[in-house]
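Structure first, commentary second.
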Amino acid sequence: MTRTDWTPRSRSAIAARVAEDIPEGWYVNLGIGVPTLVADRVPEGREVIFHAENGILGIGPAPDPAAVERWLVNAGKQHVTLLPGGCYFHHADSFGMIRGRHLDLCVLGAYEVSAAGDLANWARSVGDTAPAVGGAMDLAIGAQRVWIAMEHVTRKGAPRLVERCSYPLTSPGCVKRIYTDLAVIDVTPRGFEVRDMVPGLTLAALQDMTDAPLALAVAPDALRMG
Amino acid sequence: MTRTDWTPRSRSAIAARVAEDIPEGWYVNLGIGVPTLVADRVPEGREVIFHAENGILGIGPAPDPAAVERWLVNAGKQHVTLLPGGCYFHHADSFGMIRGRHLDLCVLGAYEVSAAGDLANWARSVGDTAPAVGGAMDLAIGAQRVWIAMEHVTRKGAPRLVERCSYPLTSPGCVKRIYTDLAVIDVTPRGFEVRDMVPGLTLAALQDMTDAPLALAVAPDALRMG
Amino acid sequence: MIDKFVPSIAEALEGIPDGATLLLGGFGAVGQANLLIEGLLETGLGNLTVVANNAGYGTVGLARLLREGRVRKLICSYPRIAGSTIFEELYAAGRIELELVPQGTLAERMRAAGAGIPAFYTPTGAGTELARGKEICDFDGRPHVLEHALHGDAALIEAWEADRWGNLTYRMAGRNFNPVCAAAASRTIAQTQHVRELGSLDPEAVATPGIFVDRIVHIPYGDPQD
Amino acid sequence: MIDKFVPSIAEALEGIPDGATLLLGGFGAVGQANLLIEGLLETGLGNLTVVANNAGYGTVGLARLLREGRVRKLICSYPRIAGSTIFEELYAAGRIELELVPQGTLAERMRAAGAGIPAFYTPTGAGTELARGKEICDFDGRPHVLEHALHGDAALIEAWEADRWGNLTYRMAGRNFNPVCAAAASRTIAQTQHVRELGSLDPEAVATPGIFVDRIVHIPYGDPQD
């Protein structure tokens, strides 16, 4: 594949594509990386309430560098702001919200997602280096919906959408939808179903970069090209 | 026993006797009845922090009837006041404090206490009438110490300190000390031990009104007559 | 724009099904969502399971709902009504089922439901009639009872202040079970004494974050009566 | 008069035994009781088990304690130190034991310890490496992991304001694990930025009631650095 007829979405464009699908009024937790970018791409005037594991609801845009509040960081330890209507609570209450299924959505990054919705995003292996899990497992089981935002393949070109995860699982069967630089794909009882692809990309070409069968989404209004 | 050489303690005097034994700085929950009276008998200048199950720490004296705050009631649904330094919290947090053993003391009323420290104070029988338990079982297992304040015998003269409770248990083995109108009695691994009695009362006479063996407390400083 | 306020009690209650499990905040006369509860009478709903600490207060709210025969089962710690025998009569006549739960276990079971914990062990009630038939397990040599989360189809609660995102504060002892119920139900409906602009509540002092609240009605009824 | 303030860090830490289990509040650079933690170095204590979300921040606090070899075991969700490889090196060299716990389970295990719940079931981690060897039980057709309370011999926390009864507030994201640790330890030691008169904190906005706090040191260090 030396030439392609399509342009992958940028990280920011993936985030925008995710943001487009978030309805007003949802409570949303954003993971580190591309997911974090989603907050800035929510369409103007649409109220979405962002949650951070470290006890914040109602996170606003990044602060003016000249006016950083050093006591206000998100779960990625970045400085943030609080919107009017935001509030603070402690870690047990915060994970009560997560585990208790009060979040409408969590957007996470991933190493791999399987056709059964298994998520691997916390460790590339177990044991060889100091492992760290953070809140990934709580978010994966707790949010009403888990959406993944990631590159479709690794830097070496290996598929990240796979028949079976090779990395340690974060949670089995938790992923509902995947937003990559090439496509938006639902995880259904029938496996991966493509909702949209970037212009110029074909299902056959996408399948070549995917390690599990792809089908086009059956609902006619679900498939959107471009 | 038509004549006695002793005067039983009044309800208020029982409360005062309990209050005398509460050191400064203890966190204390008071049950309904005689225990409630303990708050007003704490020696002047001694700071004791009173807890109510319905989410209050730092309860102060009863309010001036002309200035009752209708949003401030204790677990007995009486209007109370809040001391400077008091605060509010919800019921799950309140019972977390109780169950988590953060209270130094709970003073409760009782129908019966056994020589093993079993407490019966929530129901006279099970099933014949609508039963109600409230927070009694949580307080009985949760406080660091459970002290009982009650009359030594029932109105009909039957002992309330017994070998074995006949009423349904609130919790087995939880009572540490009993303050009655006649005596102060520790519950020890050896059974009931008398710490003090009202003036004029003899151990033999007290034993007559008690359904389990009594001994004098062994520690010399623990026994105080008067 | 997110706006959880609805103009009428009828709209606030819309969608609660017959036979629903309802969680009611309040303790004594304080913090009872009486007007929401009485609104249920207009809806014609019946066959309800009600979770509440008491069986109502006076002749309003839950006491009326009971009198009108709308409640099939009561899950409760202290099923008494001040100055009324409504509950006792229903119970004696076998016209209502009662599940008696220690007050702290009642609070913790709802807290568990809100926090995604399906079951937990508690020392409360071990060795008593109320543990009969339940799974018992020893921890640190002490028996504990396995208790299950208590989830509601709807919670009816009373707040002091509310903003359009559903952030709530309570007043003094009016907090009690209200925040616990709010988190434990599929839909949480609040009546509030005061309406506040978004951003005017102290983010450090919001007692129930809006994520737990679905609908709010402004009912400035004044102080609780008793 | 109750007064939980002590004049020095050394006095605040007095009585913590060698080999103790310490609960440390803080998330990222915010809300870390760094000066208390570094005070441990002066005491000569070692062989510690430390419960904390991260393995420290920068080169202060827990990071220093680790570098000095005082920690035998770390119970942690995300054992990384921004800008440092201290933990990784100790771990690779087999000089420290690690118990990796999902962040929400870490918070809930401490919450359980504070609330007298010895064990609970959680969906977090089911079907993953982190559930290996643990008791699994299905609720509502979903597997759950039995997790145990995590209790500390001491908690070292950071507050924004404190009064002499030990009531605490936190600042913004500085709340995080601090209130959770405070309730879960046998002795809780707080460093505070501000000292307040008793009665000047809003009773509706106290985040940690004084019942959970044993000693306080006034350490007005300013804003967290990173």
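In the structure tokens, the first chain shown is A, the next is B, and so on; residue numbers restart at 1 for each chain, and ligands run from 1 in the order shown.
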**Report entry** Expected answer as a PyMOL selection string: chain A residues within 7 Å of chain D, only C-alpha atoms
**Finding:** chain A and resi 54-55+70-73+77+88-92+95+129-130+132-135+137-138+141+168-172
Report task. Could you list, as a count of residues only, the residues of chain D having an atom within 9 Å of chain C when counting only C-alpha atoms? Result -> 22
Result of fitting chain C on chain D (Cα atoms paired in order), as a PDB file with C-alpha atoms, in the first residue's frame:
```
ATOM      1  CA  MET C   1     -10.617  21.976  75.923  1.00  0.00           C
ATOM      2  CA  ILE C   2     -10.232  19.750  72.875  1.00  0.00           C
ATOM      3  CA  ASP C   3      -7.300  20.929  70.808  1.00  0.00           C
ATOM      4  CA  LYS C   4      -5.933  18.614  68.139  1.00  0.00           C
ATOM      5  CA  PHE C   5      -3.235  21.018  66.982  1.00  0.00           C
ATOM      6  CA  VAL C   6       0.332  20.046  67.797  1.00  0.00           C
ATOM      7  CA  PRO C   7       3.249  22.430  67.343  1.00  0.00           C
ATOM      8  CA  SER C   8       5.615  20.199  65.392  1.00  0.00           C
ATOM      9  CA  ILE C   9       5.686  17.519  62.749  1.00  0.00           C
ATOM     10  CA  ALA C  10       7.687  15.304  65.136  1.00  0.00           C
ATOM     11  CA  GLU C  11       4.918  15.438  67.744  1.00  0.00           C
ATOM     12  CA  ALA C  12       2.291  14.811  65.094  1.00  0.00           C
ATOM     13  CA  LEU C  13       4.026  11.606  64.010  1.00  0.00           C
ATOM     14  CA  GLU C  14       4.803  10.326  67.514  1.00  0.00           C
ATOM     15  CA  GLY C  15       3.712   6.764  68.174  1.00  0.00           C
ATOM     16  CA  ILE C  16       3.660   5.428  64.620  1.00  0.00           C
ATOM     17  CA  PRO C  17       5.378   2.051  64.885  1.00  0.00           C
ATOM     18  CA  ASP C  18       8.019   0.535  62.633  1.00  0.00           C
ATOM     19  CA  GLY C  19       6.375  -1.607  59.989  1.00  0.00           C
ATOM     20  CA  ALA C  20       3.176   0.431  60.103  1.00  0.00           C
ATOM     21  CA  THR C  21       0.659   0.619  57.276  1.00  0.00           C
ATOM     22  CA  LEU C  22       0.324   4.238  56.178  1.00  0.00           C
ATOM     23  CA  LEU C  23      -2.476   5.702  54.074  1.00  0.00           C
ATOM     24  CA  LEU C  24      -1.398   8.729  52.058  1.00  0.00           C
ATOM     25  CA  GLY C  25      -3.852  11.184  50.523  1.00  0.00           C
ATOM     26  CA  GLY C  26      -3.100  13.159  47.401  1.00  0.00           C
ATOM     27  CA  PHE C  27      -3.447  12.784  43.655  1.00  0.00           C
ATOM     28  CA  GLY C  28      -0.673  14.018  41.388  1.00  0.00           C
ATOM     29  CA  ALA C  29       0.974  17.010  43.014  1.00  0.00           C
ATOM     30  CA  VAL C  30      -2.251  18.114  44.700  1.00  0.00           C
ATOM     31  CA  GLY C  31      -3.261  17.337  48.268  1.00  0.00           C
ATOM     32  CA  GLN C  32      -0.049  15.537  49.231  1.00  0.00           C
ATOM     33  CA  ALA C  33       0.999  15.775  52.888  1.00  0.00           C
ATOM     34  CA  ASN C  34       4.612  16.009  51.775  1.00  0.00           C
ATOM     35  CA  LEU C  35       6.029  17.603  54.903  1.00  0.00           C
ATOM     36  CA  LEU C  36       4.433  15.008  57.162  1.00  0.00           C
ATOM     37  CA  ILE C  37       5.704  12.241  54.893  1.00  0.00           C
ATOM     38  CA  GLU C  38       9.220  13.667  54.895  1.00  0.00           C
ATOM     39  CA  GLY C  39       8.962  13.977  58.683  1.00  0.00           C
ATOM     40  CA  LEU C  40       8.894  10.168  58.731  1.00  0.00           C
ATOM     41  CA  LEU C  41      12.501  10.209  57.541  1.00  0.00           C
ATOM     42  CA  GLU C  42      13.552  11.941  60.779  1.00  0.00           C
ATOM     43  CA  THR C  43      11.743   9.346  62.893  1.00  0.00           C
ATOM     44  CA  GLY C  44      13.882   6.523  61.572  1.00  0.00           C
ATOM     45  CA  LEU C  45      10.820   4.443  60.764  1.00  0.00           C
ATOM     46  CA  GLY C  46      11.170   1.754  58.142  1.00  0.00           C
ATOM     47  CA  ASN C  47       9.665  -1.437  56.831  1.00  0.00           C
ATOM     48  CA  LEU C  48       6.529   0.536  56.001  1.00  0.00           C
ATOM     49  CA  THR C  49       3.549  -0.531  53.942  1.00  0.00           C
ATOM     50  CA  VAL C  50       2.305   2.496  52.038  1.00  0.00           C
ATOM     51  CA  VAL C  51      -1.128   2.861  50.460  1.00  0.00           C
ATOM     52  CA  ALA C  52      -1.244   5.659  47.891  1.00  0.00           C
ATOM     53  CA  ASN C  53      -2.615   6.244  44.423  1.00  0.00           C
ATOM     54  CA  ASN C  54       0.770   7.105  42.897  1.00  0.00           C
ATOM     55  CA  ALA C  55       4.322   6.353  43.932  1.00  0.00           C
ATOM     56  CA  GLY C  56       4.847  10.009  44.791  1.00  0.00           C
ATOM     57  CA  TYR C  57       5.391  13.130  42.788  1.00  0.00           C
ATOM     58  CA  GLY C  58       8.673  14.693  41.731  1.00  0.00           C
ATOM     59  CA  THR C  59      11.428  14.216  44.298  1.00  0.00           C
ATOM     60  CA  VAL C  60       9.432  15.045  47.432  1.00  0.00           C
ATOM     61  CA  GLY C  61       7.237  13.219  49.908  1.00  0.00           C
ATOM     62  CA  LEU C  62       6.661   9.561  49.078  1.00  0.00           C
ATOM     63  CA  ALA C  63       9.282   9.694  46.319  1.00  0.00           C
ATOM     64  CA  ARG C  64      11.912  10.532  48.967  1.00  0.00           C
ATOM     65  CA  LEU C  65      10.608   7.904  51.358  1.00  0.00           C
ATOM     66  CA  LEU C  66      10.959   5.310  48.594  1.00  0.00           C
ATOM     67  CA  ARG C  67      14.442   6.473  47.638  1.00  0.00           C
ATOM     68  CA  GLU C  68      15.539   6.189  51.260  1.00  0.00           C
ATOM     69  CA  GLY C  69      14.413   2.555  51.325  1.00  0.00           C
ATOM     70  CA  ARG C  70      11.813   2.967  54.044  1.00  0.00           C
ATOM     71  CA  VAL C  71       8.983   1.272  52.176  1.00  0.00           C
ATOM     72  CA  ARG C  72       8.662  -2.509  52.147  1.00  0.00           C
ATOM     73  CA  LYS C  73       5.415  -2.688  50.214  1.00  0.00           C
ATOM     74  CA  LEU C  74       3.352  -0.323  48.100  1.00  0.00           C
ATOM     75  CA  ILE C  75      -0.401  -0.759  47.624  1.00  0.00           C
ATOM     76  CA  CYS C  76      -1.178   1.452  44.702  1.00  0.00           C
ATOM     77  CA  SER C  77      -3.201   1.932  41.505  1.00  0.00           C
ATOM     78  CA  TYR C  78      -0.659   3.809  39.439  1.00  0.00           C
ATOM     79  CA  PRO C  79       2.889   3.308  40.782  1.00  0.00           C
ATOM     80  CA  ARG C  80       4.604   5.919  38.693  1.00  0.00           C
ATOM     81  CA  ILE C  81       6.403   9.086  39.692  1.00  0.00           C
ATOM     82  CA  ALA C  82       6.315  12.025  37.283  1.00  0.00           C
ATOM     83  CA  GLY C  83       9.849  12.648  36.079  1.00  0.00           C
ATOM     84  CA  SER C  84      11.431   9.878  38.143  1.00  0.00           C
ATOM     85  CA  THR C  85      12.289   6.206  37.877  1.00  0.00           C
ATOM     86  CA  ILE C  86      12.818   5.628  41.619  1.00  0.00           C
ATOM     87  CA  PHE C  87       9.944   3.200  41.886  1.00  0.00           C
ATOM     88  CA  GLU C  88      10.687   1.311  38.651  1.00  0.00           C
ATOM     89  CA  GLU C  89      14.283   0.761  39.774  1.00  0.00           C
ATOM     90  CA  LEU C  90      13.308  -0.501  43.226  1.00  0.00           C
ATOM     91  CA  TYR C  91      10.702  -2.769  41.670  1.00  0.00           C
ATOM     92  CA  ALA C  92      13.024  -4.138  39.013  1.00  0.00           C
ATOM     93  CA  ALA C  93      15.641  -4.821  41.707  1.00  0.00           C
ATOM     94  CA  GLY C  94      13.068  -6.747  43.773  1.00  0.00           C
ATOM     95  CA  ARG C  95      13.557  -4.303  46.617  1.00  0.00           C
ATOM     96  CA  ILE C  96       9.891  -3.419  46.984  1.00  0.00           C
ATOM     97  CA  GLU C  97       6.683  -5.409  46.945  1.00  0.00           C
ATOM     98  CA  LEU C  98       3.759  -4.086  44.894  1.00  0.00           C
ATOM     99  CA  GLU C  99       0.062  -4.786  45.300  1.00  0.00           C
ATOM    100  CA  LEU C 100      -1.602  -3.277  42.259  1.00  0.00           C
ATOM    101  CA  VAL C 101      -5.226  -2.263  42.873  1.00  0.00           C
ATOM    102  CA  PRO C 102      -7.662  -0.543  40.481  1.00  0.00           C
ATOM    103  CA  GLN C 103      -8.113   3.058  41.591  1.00  0.00           C
ATOM    104  CA  GLY C 104     -11.800   2.756  42.457  1.00  0.00           C
ATOM    105  CA  THR C 105     -11.209  -0.460  44.367  1.00  0.00           C
ATOM    106  CA  LEU C 106      -8.381   1.243  46.263  1.00  0.00           C
ATOM    107  CA  ALA C 107     -10.731   4.083  47.252  1.00  0.00           C
ATOM    108  CA  GLU C 108     -13.585   1.716  48.095  1.00  0.00           C
ATOM    109  CA  ARG C 109     -11.403  -0.602  50.178  1.00  0.00           C
ATOM    110  CA  MET C 110     -10.393   2.345  52.333  1.00  0.00           C
ATOM    111  CA  ARG C 111     -13.954   3.642  52.427  1.00  0.00           C
ATOM    112  CA  ALA C 112     -15.021   0.185  53.629  1.00  0.00           C
ATOM    113  CA  ALA C 113     -12.379   0.207  56.371  1.00  0.00           C
ATOM    114  CA  GLY C 114     -13.640   3.572  57.571  1.00  0.00           C
ATOM    115  CA  ALA C 115     -17.267   2.477  57.474  1.00  0.00           C
ATOM    116  CA  GLY C 116     -16.887  -0.881  59.249  1.00  0.00           C
ATOM    117  CA  ILE C 117     -17.454  -3.010  56.147  1.00  0.00           C
ATOM    118  CA  PRO C 118     -14.878  -5.843  56.149  1.00  0.00           C
ATOM    119  CA  ALA C 119     -15.489  -6.932  52.553  1.00  0.00           C
ATOM    120  CA  PHE C 120     -17.606  -6.149  49.513  1.00  0.00           C
ATOM    121  CA  TYR C 121     -18.195  -7.321  45.961  1.00  0.00           C
ATOM    122  CA  THR C 122     -17.211  -5.163  42.999  1.00  0.00           C
ATOM    123  CA  PRO C 123     -17.448  -5.704  39.241  1.00  0.00           C
ATOM    124  CA  THR C 124     -14.118  -3.928  38.762  1.00  0.00           C
ATOM    125  CA  GLY C 125     -11.341  -6.242  37.682  1.00  0.00           C
ATOM    126  CA  ALA C 126     -13.529  -9.291  37.100  1.00  0.00           C
ATOM    127  CA  GLY C 127     -12.140 -11.322  34.209  1.00  0.00           C
ATOM    128  CA  THR C 128      -8.696  -9.724  34.442  1.00  0.00           C
ATOM    129  CA  GLU C 129      -5.258 -10.563  35.840  1.00  0.00           C
ATOM    130  CA  LEU C 130      -5.975  -8.419  38.905  1.00  0.00           C
ATOM    131  CA  ALA C 131      -8.785 -10.743  40.022  1.00  0.00           C
ATOM    132  CA  ARG C 132      -6.558 -13.801  39.908  1.00  0.00           C
ATOM    133  CA  GLY C 133      -6.853 -15.868  43.081  1.00  0.00           C
ATOM    134  CA  LYS C 134      -9.768 -13.820  44.384  1.00  0.00           C
ATOM    135  CA  GLU C 135     -13.238 -15.060  45.233  1.00  0.00           C
ATOM    136  CA  ILE C 136     -15.663 -14.428  42.359  1.00  0.00           C
ATOM    137  CA  CYS C 137     -19.433 -14.377  42.695  1.00  0.00           C
ATOM    138  CA  ASP C 138     -22.149 -13.594  40.154  1.00  0.00           C
ATOM    139  CA  PHE C 139     -24.764 -10.947  40.871  1.00  0.00           C
ATOM    140  CA  ASP C 140     -27.395 -10.190  38.202  1.00  0.00           C
ATOM    141  CA  GLY C 141     -25.503 -12.496  35.880  1.00  0.00           C
ATOM    142  CA  ARG C 142     -22.306 -10.480  36.081  1.00  0.00           C
ATOM    143  CA  PRO C 143     -19.119 -11.673  37.797  1.00  0.00           C
ATOM    144  CA  HIS C 144     -17.929  -9.697  40.836  1.00  0.00           C
ATOM    145  CA  VAL C 145     -14.736  -9.810  42.867  1.00  0.00           C
ATOM    146  CA  LEU C 146     -14.689  -9.995  46.673  1.00  0.00           C
ATOM    147  CA  GLU C 147     -12.437  -7.217  47.970  1.00  0.00           C
ATOM    148  CA  HIS C 148     -11.385  -6.561  51.552  1.00  0.00           C
ATOM    149  CA  ALA C 149     -11.234  -3.428  53.672  1.00  0.00           C
ATOM    150  CA  LEU C 150      -7.873  -1.666  53.696  1.00  0.00           C
ATOM    151  CA  HIS C 151      -7.147  -0.215  57.102  1.00  0.00           C
ATOM    152  CA  GLY C 152      -4.208   1.970  58.082  1.00  0.00           C
ATOM    153  CA  ASP C 153      -2.272   2.308  61.310  1.00  0.00           C
ATOM    154  CA  ALA C 154      -1.979   5.957  60.367  1.00  0.00           C
ATOM    155  CA  ALA C 155      -3.182   8.301  57.636  1.00  0.00           C
ATOM    156  CA  LEU C 156      -1.159  11.328  56.566  1.00  0.00           C
ATOM    157  CA  ILE C 157      -3.366  13.848  54.824  1.00  0.00           C
ATOM    158  CA  GLU C 158      -3.390  17.449  53.658  1.00  0.00           C
ATOM    159  CA  ALA C 159      -6.195  19.907  54.354  1.00  0.00           C
ATOM    160  CA  TRP C 160      -6.930  23.482  53.354  1.00  0.00           C
ATOM    161  CA  GLU C 161      -8.589  24.585  56.617  1.00  0.00           C
ATOM    162  CA  ALA C 162      -8.805  23.016  60.065  1.00  0.00           C
ATOM    163  CA  ASP C 163     -10.307  23.926  63.438  1.00  0.00           C
ATOM    164  CA  ARG C 164      -9.273  22.648  66.874  1.00  0.00           C
ATOM    165  CA  TRP C 165     -11.903  19.868  66.795  1.00  0.00           C
ATOM    166  CA  GLY C 166     -10.234  18.540  63.650  1.00  0.00           C
ATOM    167  CA  ASN C 167     -12.924  19.529  61.174  1.00  0.00           C
ATOM    168  CA  LEU C 168     -11.318  19.850  57.748  1.00  0.00           C
ATOM    169  CA  THR C 169     -11.990  21.348  54.367  1.00  0.00           C
ATOM    170  CA  TYR C 170      -9.957  20.766  51.205  1.00  0.00           C
ATOM    171  CA  ARG C 171      -9.257  22.946  48.228  1.00  0.00           C
ATOM    172  CA  MET C 172     -10.663  21.898  44.834  1.00  0.00           C
ATOM    173  CA  ALA C 173      -8.932  18.760  43.541  1.00  0.00           C
ATOM    174  CA  GLY C 174      -6.953  18.659  46.794  1.00  0.00           C
ATOM    175  CA  ARG C 175      -9.808  16.669  48.299  1.00  0.00           C
ATOM    176  CA  ASN C 176      -9.228  13.425  46.331  1.00  0.00           C
ATOM    177  CA  PHE C 177      -8.206  10.525  48.622  1.00  0.00           C
ATOM    178  CA  ASN C 178      -7.720  12.675  51.736  1.00  0.00           C
ATOM    179  CA  PRO C 179     -11.173  12.279  53.351  1.00  0.00           C
ATOM    180  CA  VAL C 180     -11.166   8.577  52.442  1.00  0.00           C
ATOM    181  CA  CYS C 181      -7.792   7.971  54.121  1.00  0.00           C
ATOM    182  CA  ALA C 182      -8.833  10.073  57.132  1.00  0.00           C
ATOM    183  CA  ALA C 183     -11.678   7.710  58.002  1.00  0.00           C
ATOM    184  CA  ALA C 184      -9.749   4.495  57.359  1.00  0.00           C
ATOM    185  CA  ALA C 185      -6.845   4.803  59.807  1.00  0.00           C
ATOM    186  CA  SER C 186      -6.441   4.235  63.530  1.00  0.00           C
ATOM    187  CA  ARG C 187      -4.775   7.617  63.784  1.00  0.00           C
ATOM    188  CA  THR C 188      -5.163  10.409  61.301  1.00  0.00           C
ATOM    189  CA  ILE C 189      -2.648  13.208  61.084  1.00  0.00           C
ATOM    190  CA  ALA C 190      -3.341  16.260  58.957  1.00  0.00           C
ATOM    191  CA  GLN C 191      -1.187  19.114  57.773  1.00  0.00           C
ATOM    192  CA  THR C 192      -3.296  22.193  57.079  1.00  0.00           C
ATOM    193  CA  GLN C 193      -2.680  25.409  55.192  1.00  0.00           C
ATOM    194  CA  HIS C 194      -5.066  27.448  57.344  1.00  0.00           C
ATOM    195  CA  VAL C 195      -6.181  27.420  60.973  1.00  0.00           C
ATOM    196  CA  ARG C 196      -9.779  28.465  61.644  1.00  0.00           C
ATOM    197  CA  GLU C 197     -11.613  29.410  64.817  1.00  0.00           C
ATOM    198  CA  LEU C 198     -14.078  26.797  66.035  1.00  0.00           C
ATOM    199  CA  GLY C 199     -17.439  27.627  64.496  1.00  0.00           C
ATOM    200  CA  SER C 200     -16.087  29.534  61.516  1.00  0.00           C
ATOM    201  CA  LEU C 201     -16.282  26.615  59.084  1.00  0.00           C
ATOM    202  CA  ASP C 202     -19.670  26.189  57.392  1.00  0.00           C
ATOM    203  CA  PRO C 203     -21.278  23.137  59.082  1.00  0.00           C
ATOM    204  CA  GLU C 204     -22.756  22.162  55.704  1.00  0.00           C
ATOM    205  CA  ALA C 205     -19.333  22.226  54.019  1.00  0.00           C
ATOM    206  CA  VAL C 206     -17.040  20.353  56.413  1.00  0.00           C
ATOM    207  CA  ALA C 207     -15.579  17.622  54.204  1.00  0.00           C
ATOM    208  CA  THR C 208     -13.956  15.613  57.011  1.00  0.00           C
ATOM    209  CA  PRO C 209     -15.675  15.823  60.405  1.00  0.00           C
ATOM    210  CA  GLY C 210     -13.229  16.042  63.306  1.00  0.00           C
ATOM    211  CA  ILE C 211     -14.187  12.583  64.543  1.00  0.00           C
ATOM    212  CA  PHE C 212     -11.792  11.188  61.931  1.00  0.00           C
ATOM    213  CA  VAL C 213      -8.846  13.419  62.851  1.00  0.00           C
ATOM    214  CA  ASP C 214      -6.375  12.987  65.701  1.00  0.00           C
ATOM    215  CA  ARG C 215      -3.600  15.534  65.227  1.00  0.00           C
ATOM    216  CA  ILE C 216      -3.100  18.601  63.076  1.00  0.00           C
ATOM    217  CA  VAL C 217      -0.008  20.623  62.219  1.00  0.00           C
ATOM    218  CA  HIS C 218      -0.208  24.054  60.646  1.00  0.00           C
ATOM    219  CA  ILE C 219       1.972  23.989  57.511  1.00  0.00           C
ATOM    220  CA  PRO C 220       1.111  26.943  55.255  1.00  0.00           C
ATOM    221  CA  TYR C 221       3.331  25.979  52.350  1.00  0.00           C
ATOM    222  CA  GLY C 222       1.326  27.649  49.591  1.00  0.00           C
ATOM    223  CA  ASP C 223       0.399  26.145  46.240  1.00  0.00           C
ATOM    224  CA  PRO C 224       1.443  22.681  45.058  1.00  0.00           C
ATOM    225  CA  GLN C 225       4.367  22.740  42.644  1.00  0.00           C
ATOM    226  CA  ASP C 226       4.871  20.482  39.688  1.00  0.00           C
TER     227      ASP C 226
END
```
Requested in this report: Would you mind listing what lies within 8 Å of Asp104 in chain A as a PyMOL selection string, with only C-alpha atoms counted and same-chain residues fewer than 3 positions away left out?
Outcome: chain A and resi 26-28+101+143-145
The selected residues should be written to file as a PDB file, in the first residue's frame (atoms: C-alpha atoms).
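Saved the output as again_38.pdb:
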```pdb
ATOM      1  CA  TRP A  26     -24.538  13.453  29.022  1.00  0.00           C
ATOM      2  CA  TYR A  27     -22.082  12.919  31.862  1.00  0.00           C
ATOM      3  CA  VAL A  28     -18.782  11.941  30.283  1.00  0.00           C
ATOM      4  CA  ARG A 101     -23.240   3.404  36.317  1.00  0.00           C
ATOM      5  CA  ALA A 143     -19.817   3.725  32.380  1.00  0.00           C
ATOM      6  CA  GLN A 144     -23.110   3.095  30.557  1.00  0.00           C
ATOM      7  CA  ARG A 145     -21.122   3.108  27.311  1.00  0.00           C
TER       8      ARG A 145
END
```
Query raised in the report: Could you write out, as a PyMOL selection string, all the residues of range 71-115 of chain B that DSSP marks as strand (DSSP E)?
Result: chain B and resi 81-88+105-108+112-114
Requested in this report: Please indicate the distance in Å from CA of Arg195 in chain B to CA of Leu161 in chain B, rounded to one decimal place.
Outcome: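 Atom-to-atom, CA of Arg195 in chain B to CA of Leu161 in chain B, that is 14.8 Å.
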Report task. Find the residues around Ala205 in chain B up to 12 Å (only C-alpha atoms counted), leave out those fewer than 4 positions away in its own chain, and share them as a VMD selection string. Result -> chain B and resid 1 3 to 6 182 to 183 197 to 198 200 to 201 209 to 210 214
Requested in this report: Pick out each residue of range 89-166 of chain B that DSSP on the backbone tags as alpha helix (DSSP H); I need them as a list in words.
Outcome: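 DSSP on the backbone gives alpha helix (DSSP H) at His91, Ala92, Asp93, Ser94, Phe95, Gly96, Met97, Ile98, Arg99, Ala136, Met137, Asp138, Leu139, Ala140, Ile141 and Gly142 of chain B.
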Query raised in the report: So what do you get for CA of Pro63 in chain A versus CA of Ala16 in chain A, distance-wise?
Result: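 Between CA of Pro63 in chain A and CA of Ala16 in chain A the gap is 20.2 Å.
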Requested in this report: List the neighbours of Gly25 in chain A out to 7 Å using only C-alpha atoms; skip same-chain residues closer than 4 positions along the sequence, and give me the result as a list in words.
Outcome: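 Counting only C-alpha atoms, the residues come to Glu47, Val48 and Ile49 of chain A; Ile2 of chain C.
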